[in-house]
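Below is the file start_37.pdb, which contains PDB, C-alpha atoms and all ligand atoms.
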ATOM      1  CA  MET A   1     264.359 222.417  77.170
ATOM      2  CA  ASP A   2     262.642 219.129  77.692
ATOM      3  CA  LYS A   3     264.054 217.384  80.794
ATOM      4  CA  ASN A   4     264.791 214.173  78.924
ATOM      5  CA  MET A   5     266.628 216.055  76.258
ATOM      6  CA  GLN A   6     268.764 217.778  78.871
ATOM      7  CA  GLN A   7     269.689 214.409  80.357
ATOM      8  CA  TYR A   8     270.803 213.136  76.974
ATOM      9  CA  LEU A   9     272.877 216.243  76.406
ATOM     10  CA  ASP A  10     274.499 215.835  79.824
ATOM     11  CA  LYS A  11     275.474 212.302  78.904
ATOM     12  CA  ALA A  12     276.931 213.441  75.599
ATOM     13  CA  GLN A  13     278.797 216.155  77.471
ATOM     14  CA  VAL A  14     280.497 213.531  79.640
ATOM     15  CA  LEU A  15     281.763 211.730  76.581
ATOM     16  CA  ILE A  16     282.890 214.927  74.890
ATOM     17  CA  GLU A  17     284.829 215.943  77.987
ATOM     18  CA  ALA A  18     286.731 212.668  77.613
ATOM     19  CA  LEU A  19     287.679 213.318  73.997
ATOM     20  CA  PRO A  20     290.887 215.349  74.494
ATOM     21  CA  TYR A  21     292.168 212.802  77.009
ATOM     22  CA  ILE A  22     291.456 209.900  74.704
ATOM     23  CA  GLN A  23     293.397 211.759  72.019
ATOM     24  CA  ARG A  24     296.245 212.792  74.260
ATOM     25  CA  PHE A  25     296.819 209.474  75.938
ATOM     26  CA  ASN A  26     296.414 207.319  72.872
ATOM     27  CA  ARG A  27     299.170 204.654  72.858
ATOM     28  CA  LYS A  28     300.548 206.052  76.122
ATOM     29  CA  ILE A  29     301.534 203.848  79.036
ATOM     30  CA  ILE A  30     299.634 204.195  82.273
ATOM     31  CA  VAL A  31     300.730 202.165  85.287
ATOM     32  CA  VAL A  32     297.954 201.444  87.778
ATOM     33  CA  LYS A  33     298.939 200.405  91.291
ATOM     34  CA  TYR A  34     296.011 198.349  92.435
ATOM     35  CA  GLY A  35     295.651 197.745  96.170
ATOM     36  CA  GLY A  36     293.667 198.561  99.299
ATOM     37  CA  SER A  37     289.905 198.271  99.731
ATOM     38  CA  ALA A  38     289.384 198.192  95.982
ATOM     39  CA  MET A  39     290.951 194.737  96.103
ATOM     40  CA  VAL A  40     288.795 193.415  98.873
ATOM     41  CA  ASP A  41     285.299 194.485  97.849
ATOM     42  CA  GLU A  42     284.051 192.366  94.937
ATOM     43  CA  GLU A  43     281.971 195.151  93.415
ATOM     44  CA  LEU A  44     284.871 197.618  93.508
ATOM     45  CA  LYS A  45     287.169 194.969  92.109
ATOM     46  CA  LYS A  46     284.901 194.510  89.145
ATOM     47  CA  GLN A  47     284.752 198.258  88.577
ATOM     48  CA  VAL A  48     288.534 198.693  88.671
ATOM     49  CA  ILE A  49     288.945 195.904  86.137
ATOM     50  CA  GLU A  50     286.241 197.472  83.949
ATOM     51  CA  ASP A  51     288.011 200.840  84.094
ATOM     52  CA  VAL A  52     291.403 199.436  83.179
ATOM     53  CA  THR A  53     289.895 197.362  80.389
ATOM     54  CA  LEU A  54     288.119 200.421  79.052
ATOM     55  CA  LEU A  55     291.395 202.359  79.119
ATOM     56  CA  LYS A  56     292.946 199.579  77.083
ATOM     57  CA  LEU A  57     290.114 199.493  74.577
ATOM     58  CA  VAL A  58     290.180 203.236  73.925
ATOM     59  CA  GLY A  59     293.867 203.032  73.045
ATOM     60  CA  PHE A  60     295.867 203.478  76.238
ATOM     61  CA  LYS A  61     298.489 200.947  77.269
ATOM     62  CA  PRO A  62     297.650 200.167  80.872
ATOM     63  CA  ILE A  63     299.820 198.009  83.135
ATOM     64  CA  ILE A  64     298.449 196.759  86.453
ATOM     65  CA  VAL A  65     300.806 196.315  89.414
ATOM     66  CA  HIS A  66     299.002 194.779  92.374
ATOM     67  CA  GLY A  67     299.546 193.839  95.967
ATOM     68  CA  GLY A  68     297.994 190.990  97.886
ATOM     69  CA  GLY A  69     295.386 193.012  99.718
ATOM     70  CA  LYS A  70     294.447 191.438 102.985
ATOM     71  CA  GLU A  71     294.811 187.985 101.461
ATOM     72  CA  ILE A  72     298.429 187.446 102.519
ATOM     73  CA  SER A  73     297.770 188.027 106.230
ATOM     74  CA  ARG A  74     294.637 185.920 105.976
ATOM     75  CA  TRP A  75     296.567 182.980 104.531
ATOM     76  CA  VAL A  76     299.469 183.386 106.948
ATOM     77  CA  GLY A  77     296.876 183.004 109.713
ATOM     78  CA  LYS A  78     295.081 180.205 107.923
ATOM     79  CA  VAL A  79     298.167 177.998 107.674
ATOM     80  CA  GLY A  80     298.759 178.588 111.372
ATOM     81  CA  MET A  81     301.916 180.670 111.117
ATOM     82  CA  GLU A  82     302.742 183.221 113.808
ATOM     83  CA  PRO A  83     303.647 186.562 112.234
ATOM     84  CA  GLN A  84     307.054 187.762 113.480
ATOM     85  CA  PHE A  85     307.781 191.396 114.239
ATOM     86  CA  ILE A  86     310.965 193.383 114.780
ATOM     87  CA  ASN A  87     310.358 196.836 116.266
ATOM     88  CA  GLY A  88     306.764 196.713 115.098
ATOM     89  CA  LEU A  89     307.733 195.719 111.562
ATOM     90  CA  ARG A  90     306.458 192.490 110.111
ATOM     91  CA  VAL A  91     309.285 190.132 109.159
ATOM     92  CA  THR A  92     309.118 188.265 105.867
ATOM     93  CA  ASP A  93     310.889 185.027 106.706
ATOM     94  CA  GLU A  94     311.259 182.208 104.215
ATOM     95  CA  GLU A  95     307.929 180.628 105.084
ATOM     96  CA  THR A  96     306.033 183.904 104.958
ATOM     97  CA  MET A  97     307.604 184.606 101.583
ATOM     98  CA  GLU A  98     306.417 181.252 100.373
ATOM     99  CA  VAL A  99     302.839 181.995 101.386
ATOM    100  CA  ALA A 100     303.045 185.547 100.009
ATOM    101  CA  GLU A 101     304.205 184.303  96.639
ATOM    102  CA  MET A 102     301.435 181.712  96.488
ATOM    103  CA  VAL A 103     298.778 184.238  97.404
ATOM    104  CA  LEU A 104     300.086 186.893  95.011
ATOM    105  CA  GLY A 105     300.125 184.315  92.234
ATOM    106  CA  LYS A 106     296.525 183.418  92.969
ATOM    107  CA  VAL A 107     295.424 187.058  93.081
ATOM    108  CA  ASN A 108     297.352 187.718  89.871
ATOM    109  CA  LYS A 109     295.557 184.983  87.960
ATOM    110  CA  SER A 110     292.169 185.998  89.304
ATOM    111  CA  LEU A 111     292.755 189.489  87.874
ATOM    112  CA  VAL A 112     293.838 187.986  84.551
ATOM    113  CA  GLN A 113     290.633 185.973  84.551
ATOM    114  CA  MET A 114     288.477 189.060  85.121
ATOM    115  CA  VAL A 115     290.150 190.996  82.305
ATOM    116  CA  GLU A 116     289.874 188.024  79.957
ATOM    117  CA  GLU A 117     286.175 187.840  80.788
ATOM    118  CA  LEU A 118     285.807 191.360  79.432
ATOM    119  CA  GLY A 119     287.358 190.317  76.152
ATOM    120  CA  VAL A 120     290.854 191.749  76.544
ATOM    121  CA  HIS A 121     293.912 189.487  76.652
ATOM    122  CA  ALA A 122     295.909 189.835  79.847
ATOM    123  CA  ILE A 123     299.184 188.199  80.841
ATOM    124  CA  GLY A 124     299.958 187.825  84.524
ATOM    125  CA  ILE A 125     303.605 187.704  85.500
ATOM    126  CA  SER A 126     305.702 188.308  88.582
ATOM    127  CA  GLY A 127     308.919 190.280  88.711
ATOM    128  CA  LYS A 128     310.736 186.953  88.398
ATOM    129  CA  ASP A 129     309.546 186.412  84.846
ATOM    130  CA  GLY A 130     311.974 187.489  82.172
ATOM    131  CA  GLY A 131     314.175 189.072  84.826
ATOM    132  CA  LEU A 132     311.605 191.867  85.139
ATOM    133  CA  LEU A 133     312.495 192.980  88.672
ATOM    134  CA  LYS A 134     315.975 192.559  90.116
ATOM    135  CA  VAL A 135     316.166 193.446  93.781
ATOM    136  CA  GLU A 136     318.439 193.978  96.717
ATOM    137  CA  LYS A 137     317.531 193.435 100.349
ATOM    138  CA  LYS A 138     315.805 196.493 101.754
ATOM    139  CA  LEU A 139     316.490 197.432 105.339
ATOM    140  CA  SER A 140     313.741 199.146 107.276
ATOM    141  CA  ASN A 141     315.175 201.833 109.542
ATOM    142  CA  GLY A 142     318.406 199.870 109.531
ATOM    143  CA  GLU A 143     316.642 196.616 110.534
ATOM    144  CA  ASP A 144     316.788 193.397 108.551
ATOM    145  CA  ILE A 145     313.141 192.406 108.132
ATOM    146  CA  GLY A 146     313.752 189.408 105.921
ATOM    147  CA  PHE A 147     312.969 188.914 102.275
ATOM    148  CA  VAL A 148     311.808 192.424 101.487
ATOM    149  CA  GLY A 149     313.423 193.764  98.377
ATOM    150  CA  GLU A 150     314.193 197.105  96.853
ATOM    151  CA  VAL A 151     314.090 197.255  93.054
ATOM    152  CA  ARG A 152     317.532 197.744  91.554
ATOM    153  CA  GLN A 153     316.841 196.970  87.929
ATOM    154  CA  VAL A 154     313.820 196.652  85.669
ATOM    155  CA  ASN A 155     314.003 194.653  82.464
ATOM    156  CA  THR A 156     311.589 196.594  80.319
ATOM    157  CA  ASP A 157     311.925 194.248  77.311
ATOM    158  CA  ILE A 158     309.266 191.894  78.553
ATOM    159  CA  ILE A 159     306.851 194.759  79.205
ATOM    160  CA  TYR A 160     307.383 196.310  75.800
ATOM    161  CA  ASP A 161     306.979 192.924  74.123
ATOM    162  CA  LEU A 162     303.664 192.313  75.859
ATOM    163  CA  LEU A 163     302.384 195.811  75.097
ATOM    164  CA  GLU A 164     303.411 195.559  71.492
ATOM    165  CA  LYS A 165     301.428 192.341  71.139
ATOM    166  CA  ASP A 166     298.490 194.182  72.677
ATOM    167  CA  PHE A 167     298.408 192.238  75.953
ATOM    168  CA  LEU A 168     297.505 193.883  79.219
ATOM    169  CA  PRO A 169     300.363 193.084  81.628
ATOM    170  CA  ILE A 170     299.352 192.305  85.209
ATOM    171  CA  ILE A 171     302.368 192.256  87.486
ATOM    172  CA  CYS A 172     302.784 191.057  91.048
ATOM    173  CA  PRO A 173     305.641 192.512  93.070
ATOM    174  CA  VAL A 174     307.957 189.581  93.661
ATOM    175  CA  GLY A 175     311.554 189.694  92.463
ATOM    176  CA  LEU A 176     314.914 187.946  92.560
ATOM    177  CA  ASP A 177     318.201 189.148  94.019
ATOM    178  CA  GLU A 178     321.597 188.473  92.494
ATOM    179  CA  HIS A 179     321.680 185.021  94.085
ATOM    180  CA  TYR A 180     318.209 184.247  92.756
ATOM    181  CA  ASN A 181     316.523 184.375  96.152
ATOM    182  CA  THR A 182     312.862 185.375  96.186
ATOM    183  CA  TYR A 183     311.874 188.739  97.645
ATOM    184  CA  ASN A 184     308.623 190.497  98.280
ATOM    185  CA  ILE A 185     308.488 194.108  97.081
ATOM    186  CA  ASN A 186     306.194 196.810  98.341
ATOM    187  CA  ALA A 187     303.640 197.190  95.534
ATOM    188  CA  ASP A 188     303.884 201.005  95.523
ATOM    189  CA  ASP A 189     307.659 200.763  95.102
ATOM    190  CA  ALA A 190     307.323 198.200  92.326
ATOM    191  CA  ALA A 191     304.731 200.318  90.475
ATOM    192  CA  CYS A 192     306.947 203.363  90.791
ATOM    193  CA  ALA A 193     310.061 201.521  89.549
ATOM    194  CA  ILE A 194     308.157 200.111  86.573
ATOM    195  CA  ALA A 195     306.574 203.469  85.687
ATOM    196  CA  ARG A 196     310.017 205.108  85.799
ATOM    197  CA  ALA A 197     311.641 202.411  83.710
ATOM    198  CA  VAL A 198     309.066 202.605  80.916
ATOM    199  CA  LYS A 199     308.754 206.402  81.252
ATOM    200  CA  ALA A 200     305.009 206.004  81.689
ATOM    201  CA  GLU A 201     302.762 208.933  80.874
ATOM    202  CA  LYS A 202     300.859 208.291  84.070
ATOM    203  CA  LEU A 203     301.108 206.400  87.308
ATOM    204  CA  ALA A 204     297.894 206.048  89.304
ATOM    205  CA  PHE A 205     297.732 204.783  92.873
ATOM    206  CA  LEU A 206     294.447 203.331  94.099
ATOM    207  CA  THR A 207     294.469 203.988  97.823
ATOM    208  CA  ASP A 208     292.092 204.133 100.783
ATOM    209  CA  ILE A 209     292.236 207.893 101.012
ATOM    210  CA  GLU A 210     290.760 210.637  98.807
ATOM    211  CA  GLY A 211     294.142 212.133  97.973
ATOM    212  CA  VAL A 212     296.582 214.522  99.619
ATOM    213  CA  TYR A 213     295.140 216.946 102.160
ATOM    214  CA  LYS A 214     296.591 220.272 103.182
ATOM    215  CA  ASP A 215     295.317 219.531 106.650
ATOM    216  CA  PRO A 216     294.846 215.775 107.159
ATOM    217  CA  SER A 217     292.262 216.385 109.896
ATOM    218  CA  ASP A 218     290.058 218.398 107.554
ATOM    219  CA  PRO A 219     288.719 216.517 104.479
ATOM    220  CA  SER A 220     287.632 219.779 102.863
ATOM    221  CA  THR A 221     291.301 220.592 102.282
ATOM    222  CA  LEU A 222     291.852 217.922  99.619
ATOM    223  CA  ILE A 223     294.438 219.171  97.124
ATOM    224  CA  SER A 224     293.407 218.661  93.519
ATOM    225  CA  GLU A 225     296.669 219.594  91.820
ATOM    226  CA  LEU A 226     300.030 219.472  93.512
ATOM    227  CA  ARG A 227     303.377 220.425  92.060
ATOM    228  CA  VAL A 228     306.537 218.645  93.145
ATOM    229  CA  ARG A 229     307.849 221.817  94.753
ATOM    230  CA  GLU A 230     304.655 222.229  96.793
ATOM    231  CA  ALA A 231     304.669 218.553  97.756
ATOM    232  CA  ARG A 232     308.215 218.894  99.086
ATOM    233  CA  LYS A 233     307.192 221.945 101.064
ATOM    234  CA  LEU A 234     304.193 220.172 102.620
ATOM    235  CA  MET A 235     306.441 217.271 103.596
ATOM    236  CA  ALA A 236     309.115 219.519 105.053
ATOM    237  CA  GLU A 237     306.527 221.434 107.051
ATOM    238  CA  GLY A 238     305.166 218.224 108.548
ATOM    239  CA  TYR A 239     301.724 218.337 106.897
ATOM    240  CA  ILE A 240     302.015 214.851 105.457
ATOM    241  CA  GLU A 241     301.494 211.981 107.835
ATOM    242  CA  GLY A 242     301.861 208.228 108.050
ATOM    243  CA  GLY A 243     301.520 206.127 104.950
ATOM    244  CA  MET A 244     301.145 209.185 102.725
ATOM    245  CA  LEU A 245     304.780 210.135 103.297
ATOM    246  CA  PRO A 246     306.436 207.237 101.437
ATOM    247  CA  LYS A 247     303.660 207.408  98.862
ATOM    248  CA  LEU A 248     304.332 211.044  98.092
ATOM    249  CA  GLN A 249     308.041 210.311  98.009
ATOM    250  CA  ASN A 250     307.340 207.669  95.363
ATOM    251  CA  CYS A 251     305.233 210.157  93.386
ATOM    252  CA  ILE A 252     308.015 212.742  93.379
ATOM    253  CA  ASP A 253     310.554 210.107  92.470
ATOM    254  CA  ALA A 254     308.425 208.971  89.510
ATOM    255  CA  ILE A 255     307.902 212.492  88.208
ATOM    256  CA  GLU A 256     311.544 213.422  88.522
ATOM    257  CA  ASN A 257     312.387 210.354  86.493
ATOM    258  CA  GLY A 258     310.224 210.881  83.480
ATOM    259  CA  VAL A 259     306.622 210.078  84.447
ATOM    260  CA  SER A 260     304.446 213.017  83.383
ATOM    261  CA  ARG A 261     301.773 212.801  86.040
ATOM    262  CA  VAL A 262     300.990 210.777  89.110
ATOM    263  CA  HIS A 263     297.474 210.444  90.476
ATOM    264  CA  ILE A 264     296.557 209.499  94.030
ATOM    265  CA  LEU A 265     293.002 208.216  93.918
ATOM    266  CA  ASP A 266     290.446 206.891  96.320
ATOM    267  CA  GLY A 267     289.960 203.284  95.286
ATOM    268  CA  ARG A 268     286.804 203.170  97.413
ATOM    269  CA  ILE A 269     285.050 205.416  94.894
ATOM    270  CA  ALA A 270     283.442 203.471  92.078
ATOM    271  CA  HIS A 271     285.151 204.087  88.729
ATOM    272  CA  CYS A 272     287.674 206.480  90.264
ATOM    273  CA  LEU A 273     290.112 205.888  87.402
ATOM    274  CA  LEU A 274     287.653 206.963  84.727
ATOM    275  CA  LEU A 275     286.548 209.949  86.780
ATOM    276  CA  GLU A 276     290.145 211.100  87.169
ATOM    277  CA  ILE A 277     291.432 210.475  83.694
ATOM    278  CA  PHE A 278     288.480 211.447  81.532
ATOM    279  CA  THR A 279     287.368 214.616  83.295
ATOM    280  CA  ASN A 280     289.038 218.018  83.552
ATOM    281  CA  LYS A 281     288.899 218.330  87.296
ATOM    282  CA  GLY A 282     289.454 214.704  88.260
ATOM    283  CA  ILE A 283     288.555 213.430  91.725
ATOM    284  CA  GLY A 284     291.855 212.781  93.464
ATOM    285  CA  THR A 285     295.203 214.532  93.711
ATOM    286  CA  ALA A 286     297.191 214.943  90.508
ATOM    287  CA  ILE A 287     300.896 215.492  91.065
ATOM    288  CA  LEU A 288     302.858 217.176  88.344
ATOM    289  CA  HIS A 289     306.272 218.570  87.726
ATOM    290  CA  GLY A 290     306.261 222.275  87.080
ATOM    291  CA  GLU A 291     303.918 225.188  86.971
ATOM    292  CA  GLU A 292     302.111 224.057  83.863
ATOM    293  CA  SER A 293     298.712 222.523  84.117
ATOM    294  CA  ARG A 294     299.192 220.932  80.767
ATOM    295  CA  TYR A 295     296.159 218.763  80.480
ATOM    296  CA  TYR A 296     293.654 221.312  81.523
ATOM    297  CA  HIS A 297     291.086 222.474  79.077
ATOM    298  CA  GLY A 298     289.199 225.589  80.124
ATOM    299  CA  GLU A 299     287.256 224.804  83.268
TER     300      GLU A 299
HETATM  301  N1  LIG B   1     293.002 215.640  90.462
HETATM  302  C1  LIG B   1     293.021 216.348  89.367
HETATM  303  N2  LIG B   1     293.140 217.652  89.394
HETATM  304  N3  LIG B   1     292.941 215.701  88.201
HETATM  305  C2  LIG B   1     292.985 216.301  86.933
HETATM  306  C3  LIG B   1     292.943 215.252  85.852
HETATM  307  C4  LIG B   1     293.092 215.854  84.503
HETATM  308  C5  LIG B   1     293.154 214.873  83.393
HETATM  309  N4  LIG B   1     291.951 214.137  83.283
HETATM  310  C6  LIG B   1     294.340 213.953  83.533
HETATM  311  O1  LIG B   1     294.195 212.769  83.537
HETATM  312  O2  LIG B   1     295.443 214.379  83.620
END
Using the file provided, produce a representation of the structure as structure tokens.
Ligand SMILES: NC(=[NH2+])NCCC[C@H](N)C(=O)O
Amino acid sequence: MDKNMQQYLDKAQVLIEALPYIQRFNRKIIVVKYGGSAMVDEELKKQVIEDVTLLKLVGFKPIIVHGGGKEISRWVGKVGMEPQFINGLRVTDEETMEVAEMVLGKVNKSLVQMVEELGVHAIGISGKDGGLLKVEKKLSNGEDIGFVGEVRQVNTDIIYDLLEKDFLPIICPVGLDEHYNTYNINADDAACAIARAVKAEKLAFLTDIEGVYKDPSDPSTLISELRVREARKLMAEGYIEGGMLPKLQNCIDAIENGVSRVHILDGRIAHCLLLEIFTNKGIGTAILHGEESRYYHGE
């Protein structure tokens, strides 16, 4: 066959591979935790926003939950504040919380702006709006590290209302406690709580790592599909290290509470969301409940 012709067919093949996923996930909620390098690099940022907007336009109902990237530390330094630590843990005192909320608000609106630029209507809110995220103080290894909250309640009404009106919700992880104090929430935790509350079809984490490895020192051992049972085993056997541990715990928690699949993706890879969701093999680690590999179509 003519080489040009083959190239065209390859392109068509890519789109056809996406077809069953477009069908399957039509009108389904997908929560995207946006953080890490993909928030810092302008090119990657643009690509993530393009991916999420595309998901929206082909009929998914994406929700973005984002962190502050490196911006919060940068601003804490910029206003001349000395970060406080207790046992190596950063303390969120009242002033730090103030800066964090300002920065998150700024990041939130810049994401709204980028989505709007692509012709989709986005609404940026924090967990304070409409009582979306109600929190309690979270202790870290028994230590009080200030205004860091754990989500206790999610008011899904506001999310459903926005989705129904066809808006793309962009949420920053700030919430109120019962006395209406402001708390910062770990963005992974917030994404997980929201995905659980709306029983999302998918929860995708954009991280700075390819996915879950069997052996973290050997990148060739990336696990493509991981069942909850296997994930627990890897954790118990000490294969999972550092930041991946709480992340995997969040994944398991989401799946056991009604989310069908969780994806850990490398946000440093351009268009990682599209590559994961619209192809059979994906590029990161997909975590699922049981033995079934439900979304697979003959390899
Ligand atoms: N890392 C993987 N094995 N991914 C498989 C992805 C399959 C399918 N595209 C989905 O979104 O569910």
Next item on the list: List all protein, DNA and RNA residues that have at least one atom no more than 6 Å from any atom of ligand LIG 1 (chain B), counting all atoms listed in the file, and write them as a list of chain:residue names.
Entry: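 Listed by chain and ascending number, the contacts are A:Ser224, A:Glu225, A:Glu276, A:Ile277, A:Phe278, A:Thr279, A:Asn280, A:Lys281, A:Gly282, A:Ile283, A:Gly284, A:Thr285, A:Ala286, A:Tyr295.
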As AutoDock Vina command-line options: centre and edge lengths in Å, one decimal, of the axis-aligned box holding region 270-289 of chain A with 8 Å per side:
--center_x 294.9 --center_y 211.0 --center_z 87.6 --size_x 38.8 --size_y 31.1 --size_z 28.2
Neighbour list for Lys109 (chain A) as a PDB file with C-alpha atoms, in the coordinates of the input, cut-off 9 Å, all atoms listed in the file, skip fewer than 2 positions in-chain:
ATOM      1  CA  LEU A 104     300.086 186.893  95.011  1.00  0.00           C
ATOM      2  CA  GLY A 105     300.125 184.315  92.234  1.00  0.00           C
ATOM      3  CA  LYS A 106     296.525 183.418  92.969  1.00  0.00           C
ATOM      4  CA  VAL A 107     295.424 187.058  93.081  1.00  0.00           C
ATOM      5  CA  LEU A 111     292.755 189.489  87.874  1.00  0.00           C
ATOM      6  CA  VAL A 112     293.838 187.986  84.551  1.00  0.00           C
ATOM      7  CA  GLN A 113     290.633 185.973  84.551  1.00  0.00           C
ATOM      8  CA  MET A 114     288.477 189.060  85.121  1.00  0.00           C
ATOM      9  CA  ILE A 123     299.184 188.199  80.841  1.00  0.00           C
ATOM     10  CA  GLY A 124     299.958 187.825  84.524  1.00  0.00           C
ATOM     11  CA  ILE A 125     303.605 187.704  85.500  1.00  0.00           C
ATOM     12  CA  ILE A 170     299.352 192.305  85.209  1.00  0.00           C
TER      13      ILE A 170
END
Check: Quick one: distance from CA of Arg268 (chain A) to CA of Val115 (chain A) in Å, one decimal?
Finding: 19.7 Å
Checklist line | Among the residues A:Arg196, A:Leu19, A:Gly211, A:Thr182, the one that comes closest to Ile252 (chain A) [using all atoms listed in the file] | finding: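 Of A:Arg196, A:Leu19, A:Gly211, A:Thr182, the one nearest Ile252 (chain A), counting all atoms listed in the file, is A:Arg196.
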Next item on the list: Using all atoms listed in the file, determine which residues lie at most 10 Å from Leu248 (chain A), disregarding the query and same-chain residues fewer than 6 positions distant; provide the list as an MDAnalysis selection string.
Entry: chainID A and resid 212 228 231:232 235 240 254 262 264 287
Selection file, C-alpha atoms, as a tab-separated table (two decimals), in the frame of the given file:
chain	number	residue	atom	x	y	z
A	212	VAL	CA	296.58	214.52	99.62
A	228	VAL	CA	306.54	218.64	93.14
A	231	ALA	CA	304.67	218.55	97.76
A	232	ARG	CA	308.21	218.89	99.09
A	235	MET	CA	306.44	217.27	103.60
A	240	ILE	CA	302.02	214.85	105.46
A	254	ALA	CA	308.42	208.97	89.51
A	262	VAL	CA	300.99	210.78	89.11
A	264	ILE	CA	296.56	209.50	94.03
A	287	ILE	CA	300.90	215.49	91.06
Next item on the list: Can you give me, as a PyMOL selection string, the residues this file yields under the PyMOL selection byres (((chain A and resi 141) around 12) and not hetatm)?
Entry: chain A and resi 86-89+138-140+142-145
Next item on the list: Could you expand the PyMOL selection byres (((chain A and resi 168) around 10) and not hetatm) into the explicit residues it covers here, written as a PyMOL selection string?
Entry: chain A and resi 52-53+56+61-64+112+115-116+120-124+159+162-167+169-171
Item checked: Which of A:Val58, A:Leu222, A:Ile185, A:Met5 sits closest to Gln23 (chain A) [using all atoms listed in the file] ->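 Among the listed residues, A:Val58 lies closest to Gln23 (chain A).
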Next item on the list: To one decimal in Å, tell me the separation between CA of Gly59 (chain A) and CA of Lys202 (chain A).
Entry: 14.1 Å
Notebook entry, point to check: By how many Å are CA of Ala187 (chain A) and CA of Ile223 (chain A) apart?
Noted result: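 So the two atoms, CA of Ala187 (chain A) and CA of Ile223 (chain A), lie 23.9 Å apart.
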